[in-house]
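To keep things clear, I will list the structure first and then write my remarks on it.
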Amino acid sequence: QEAAKYEKKVMVLDFVSPTPLGNSWGLGGTCVNVGCIPKKLMHQAALLGQALQDSRKFGWQFTEEVKHNWMTMTESVQNYIGSLNWGYRVALREKSVTYENAYGEFVGPHTVKATNKRGGEKLYTAEKFLIATGERPRYLGIPGDKEYCISSDDLFSLPYCPGKTLVVGASYVALECAGFLAGLGLDVTVMVRSILLRGFDQDIANKIGEYMEEHGINFIREFVPIKVDGKIVNMSSFLYTSNTRLSLKAKGPNSCKIIHNSSLDSRTLESFFLVNSNCRTGKIPVNDEEQTNVPYIYAVGDILQDKLELTPVAIQAGRLLVQRLYAGATSKCDYVNVPTTVFTPLEYGACGYSEETAVEKFGEENIEVYHSHFWPLEWTVPSRDNNKCYAKIICNIPDNERVIGFHVLGPNAGEITQGFAAAIKCGMTKEQLDNTVGIHPVCAE
Amino acid sequence: GKNEYDLLVIGGGSGGLACAKEAAQFGRKVAVLDYVEPSPQGTKWGLGGTCVNVGCIPKKLMHQAALLGSALKDAQHYGWNIAQPVHHSWSVMAEGVQNYVKSLNWGHRVQLQDKKVKYFNMKGSFSGPHTVRGLTKAGKETIVTAENIVIATGGRPKYPTHIAGALEYGITSDDLFWLKESPGKTSLLNGLFLYVSLESAGFLTGIGLDTTVMMRSIPLRGFDQQMASLVTEHMESYGTKFLKRCFPIKVEKLESNRLQVTWKNTDLGTEETDSFDTVMWAVGRAPDTETLNLETVGVKTNSETGKIIVDASEATSVPHIYAVGDITEGRPELTPTAIAAGKLLAQRLFGKSSELMDYDNVPTTVFTPLEYGCVGLSEEVAVQCFGSDNIEVYHAYYKPLEFTVAERDATQCYIKMVCLRERGQRILGLHFIGPNAGEVIQGFALGIKCGATYPQLMKTIGIHPTCAEEITKLHITKRSGLDATVTGC
């Protein structure tokens with residue numbers, strides 16, 4: 001869309017290879033269809049379930065028996081996604097960007113072959129190319145994984161309630177999904193090989209896990225699944241050689257979700273004969289201007305090696321790239337201090353260093369960690385946990401006590417974190433933080 | 001003789017308690033006098049001041065009750081099956097709120113005790129430069145002497161005493177949060193200090209009560225006017241009734257015990273009447289200085305407002321007497337500024353600090369059904385200060401993701417950022433209307449304190465999907481005249 005503004009002739013090829021269970025979706029990519037958007041909406045559904053309980057203490061009166069209907073929710077969510085798919089198609093058309101629902105592969109320099117759903121092929125040539133094909137969930141490669149298990153690619157449009165669910169994995173995807181499924185009233189178990197939320201501040205990650213456990217989600221730690229069949233999941237201990245076996249029996253449909261480090265669609269990778277990609281991860285390395293080793297081929301988004309897998313980063317990188325190519329701009333995407341939020345039942349917003357990476361980089365004696373538990377005012381009357389919400393900032397003492405890490409665990413963590421991320425971009429120090437008057441009464445203060 | 005205390009604080013509210021506790025940290029001998037004169041309707045409360053008892057805290061809790069009412073409606077779209085009808089019980093809510101407030105009163109008493117601050121539940125008045133006379137409810141007198149005295153008695157809601165029936169039949173925010181029974185069909189009569197009336201009207205509407213706001217002139221005077229009208233527009237579509245450009249003439253009690261209000265409609269030039277269960281006045285607050293006997297010690301007040309005049313160090317016209325909080329002239333009437341000012345004062349008096357309170361760029365939030373958070377200058381003040389040619393206003397109409405499935409109207413969800421066109425495009429003011437406005441604005445207020453510029457904000461990557469991220473994506477200017485509606489994911 002940005003390139004079209006500069007009156008360039010632009011084409012977009014988008015194609016969704018169906019999931020093992022046959023699921024597919026429209027234009028918009030992961031975020032819109034099987035990521036941020038449906039995830040946040042289902043998280044919201046779960047939060048509303050909690051709100052219903054709270055509301056009784058605030059005087060609202062209605063029947064005790066409140067049930068959740070998966071189909072009603074999923075239909076609404078899919079309708080909204082459909083409107084976004086449509087919106088993108090209209091936007092591209094209005095900006096005169098050619099869109100083809102076809103699978104693209106490089107077949108030669110400056111040449112791409114586009115194969116549509118019916119197998120029809122066309123060749124297209126372009127001066128420049130942008131690879132932004134993203135990723136898909138990885139399967140474990142154990143017996144029964146593709147036949148009986150689903151992934152986040154399937155969950156948000158599942159045409160039946162997932163029921164008693166086992167979530168395999170401990171990434172933010174796993175915990176967010178487990179979180180909202182439990183919030184909707186389902187019996188959820190999370191199977192974790194080792195630690196939670198690898199790469200995130202571990203102190204906070206553990207608090208998130210604790211909260212989830214205290215609120216009814218079962219955790220099976222240090223186990224990996226080795227086989228899945230229709231009703232039973234066999235697991236074995238990952239660390240011990242004594243082969244302790246555990247069987248989980250389930251009644252009715254048993255959704256086994258595989259959430260793992262994402263991987264690329266291997267077919268696309270093979271055809272990138274010109275482009276270097278990391279052999280181990282399959283990702284594409286780029287320079288700080290998003291250029292691959294082939295000068296006229298660029299890449300943005302989840303496909304990039306060593307870059308954050310986030311929608312706003314991809315958008316920003318894409319826009320700035322185009323502005324550099326066609327509008328003479330020089331700004332590069334700033335990948336430093338990118339804020340994120342994990343939408344677990346207790347939300348977690350973060351920007352900058354985790355405590356452990358700060359200690360590693362600056363040395364324990366050079367950092368100061370200020371922290372506090374807080375009780376959101378809205379949780380008082382309904383008597384919700386008064387010692388779970390938590391915030392901490394990490395400061396670099398020698399550098400004027402500059403704030404280098406911000407972490408908040410509590411409601412609306414994303415809304416809170418955004419502004420602090422802007423302040424961190426401005427180089428805020430602890431003193432400036434202290435001099436800012438709070439807004440009362442809110443959590444952010 | 002020697003003064004009994006190093007510091008005496010008159011008024012146990014946000015500013016007073018913060019100052020007292022901070023002073024005690026320095027090992028000083030501190031005392032606090034707190035007393036609540038019952039409202040004309042007889043309402044009274046415990047230690048903690050306006051914020052805790054009849055301000056921020058109960059207001060936000062009742063606002064939350066109303067928001068939960070909307071959440072109940074939203075929940076059905078998200079798949080929750082709730083059998084109709086759904087009712088709201090005022091007494092269940094009020095009890096919950098009042099119990100929490102009482103726990104805060106208790107908490108404050110315990111804190112004072114822990115910090116060895118002496119607390120007197122007495123009404124204080126000056127009888128000499130270092131002498132204060134404390135009077136209990138029963139009329140028992142105690143004399144307290146102190147080296148330094150801080151006046152932090154705050155304010156109380158005004159009554160329009162020139163309107164017949166106003167005092168006898170009307171209530172104020174002092175009473176609203178302590179009503180044991182539902183106020184029923186309520187009319188909020190207001191003049192200048194509309195945020196109180198809009199917030200109250202908002203939550204009353206939200207819990208299902210028939211609510212009318214009567215106002216003579218413009219809403220939220222002192223706030224950005226475009227934002228104020230969006231807020232009231234939303235309230236109108238939410239169900240609150242507005243009687244604009246009307247002012248009340250009298251309030252009478254009917255045989256049914258309901259109240260009849262007669263008002264003048266200045267547009268039509270006619271007199272109209274309607275009956276209500278409750279009439280609440282929100283015509284401003286008056287400083288609580290009358291019974292302090294300030295003339296005895298020579299503490300100067302502003303002749304127009306009655307508030308105590310202080311300098312940048314919170315000192316009054318009498319060297320050892322200070323004032324913080326709502327009682328002081330020219331300061332924002334906000335809890336956090338009172339607390340900060342009180343703490344800094346104690347640090348200057350008893351610590352080695354010389355740091356003065358910075359009242360610039362104080363962020364605030366109006367907790368109307370659709371919340372409004374802001375920091376810095378309004379558009380009109382920015383234009384006034386710098387000229388419209390020298391400022392750039394970026395804006396956007398956006399839709400919170402959570403509104404989509406809930407089929408909620410986001411017409412008034414709007415963001416506006418006022419920047420200088422030069423000097424690095426420094427941000428002068430940020431305005432946000434939407435859910436969780438306070439949470440959104442807080443961090444940006446911090447950024448503005450750090451001198452944030454528009455380019456710095458644009459370099460900040462958004463968190464997706466949130467409402468706050470829309471601030472980092474602002475790029476349409478008012479000057480361009482382009483459609484400012486956010487499209488796409």
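Ordering of the structure tokens sets the chain letters (A, B, ...); residue numbers start at 1 within each chain; ligands are numbered from 1 in the order shown.
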
Check: Any idea which chain B residues end up within 6 Å of chain A if we count only C-alpha atoms, as a count of residues only please?
Finding: 31

Could you give me, as a PyMOL selection string, the residues within 8 Å of Ile393 in chain A, counting only C-alpha atoms and dropping anything in the same chain fewer than 3 positions from it? chain A and resi 369-371+403-407

Selection above as a file: N, CA and C atoms, as a compact mmCIF listing (two decimals), in the first residue's frame:
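Saved to result-v8.txt:
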# COMPACT_ATOMS: atom_id res chain seq x y z
N VAL A 369 16.74 -2.30 40.25
CA VAL A 369 15.39 -2.74 39.89
C VAL A 369 14.40 -2.19 40.91
N TYR A 370 13.48 -1.36 40.45
CA TYR A 370 12.42 -0.85 41.32
C TYR A 370 11.19 -1.69 41.02
N HIS A 371 10.49 -2.11 42.05
CA HIS A 371 9.34 -2.96 41.79
C HIS A 371 8.24 -2.77 42.81
N VAL A 403 16.09 4.35 32.35
CA VAL A 403 15.21 3.19 32.41
C VAL A 403 15.45 2.35 31.16
N ILE A 404 15.95 1.14 31.37
CA ILE A 404 16.27 0.28 30.23
C ILE A 404 15.34 -0.92 30.12
N GLY A 405 14.50 -1.09 31.11
CA GLY A 405 13.54 -2.20 31.05
C GLY A 405 12.29 -1.83 31.80
N PHE A 406 11.14 -2.14 31.19
CA PHE A 406 9.86 -1.84 31.80
C PHE A 406 9.01 -3.10 31.74
N HIS A 407 8.41 -3.49 32.85
CA HIS A 407 7.62 -4.71 32.88
C HIS A 407 6.39 -4.48 33.74

Review point. Which neighbours of range 8-10 of chain B fall inside 6 Å, counting only C-alpha atoms, when residues of the same chain fewer than 2 positions from it are skipped, and could you give them as a ChimeraX atom specification?
Key: /B:16,30-33,146,149-152

Mind checking DSSP for range 128-216 of chain B and telling me the strand (DSSP E) residues as an NGL selection string?
:B and (128 or 131-135 or 141-151 or 155-157 or 186-190 or 211-215)

Discussion item. Report as a ChimeraX atom specification all protein, DNA and RNA residues lying within 12 Å of Gly27 in chain B, evaluated on only C-alpha atoms, omitting residues in the same chain fewer than 4 positions from it.
Written reply: /B:5-7,20-23,115-117,346-347,350-351

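In terms of minimum interatomic distance to Arg423 in chain B, B:Gly451 ranks closest within B:Gly184, B:Gly451, B:Pro157, B:Pro435, counting only C-alpha atoms.
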
Expressed in Å, the length from CA of Gly208 in chain B to CA of Ile163 in chain B is 28.8 Å

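In this structure, CA of Cys450 in chain B sits 12.1 Å away from CA of Asp360 in chain B.
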
Non-local contacts of Val12 in chain A (7 Å; only C-alpha atoms; under 3 positions in same chain excluded) as a ChimeraX atom specification:
/A:98-100

Please provide the set of residues having any atom within 9 Å of Val286 in chain A, restricted to only C-alpha atoms, with same-chain residues fewer than 6 positions apart removed, written as number ranges by chain.
-> A: 292-293, 298-300, 304-305

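CA of Glu380 in chain B lies 6.9 Å from CA of Asp224 in chain B.
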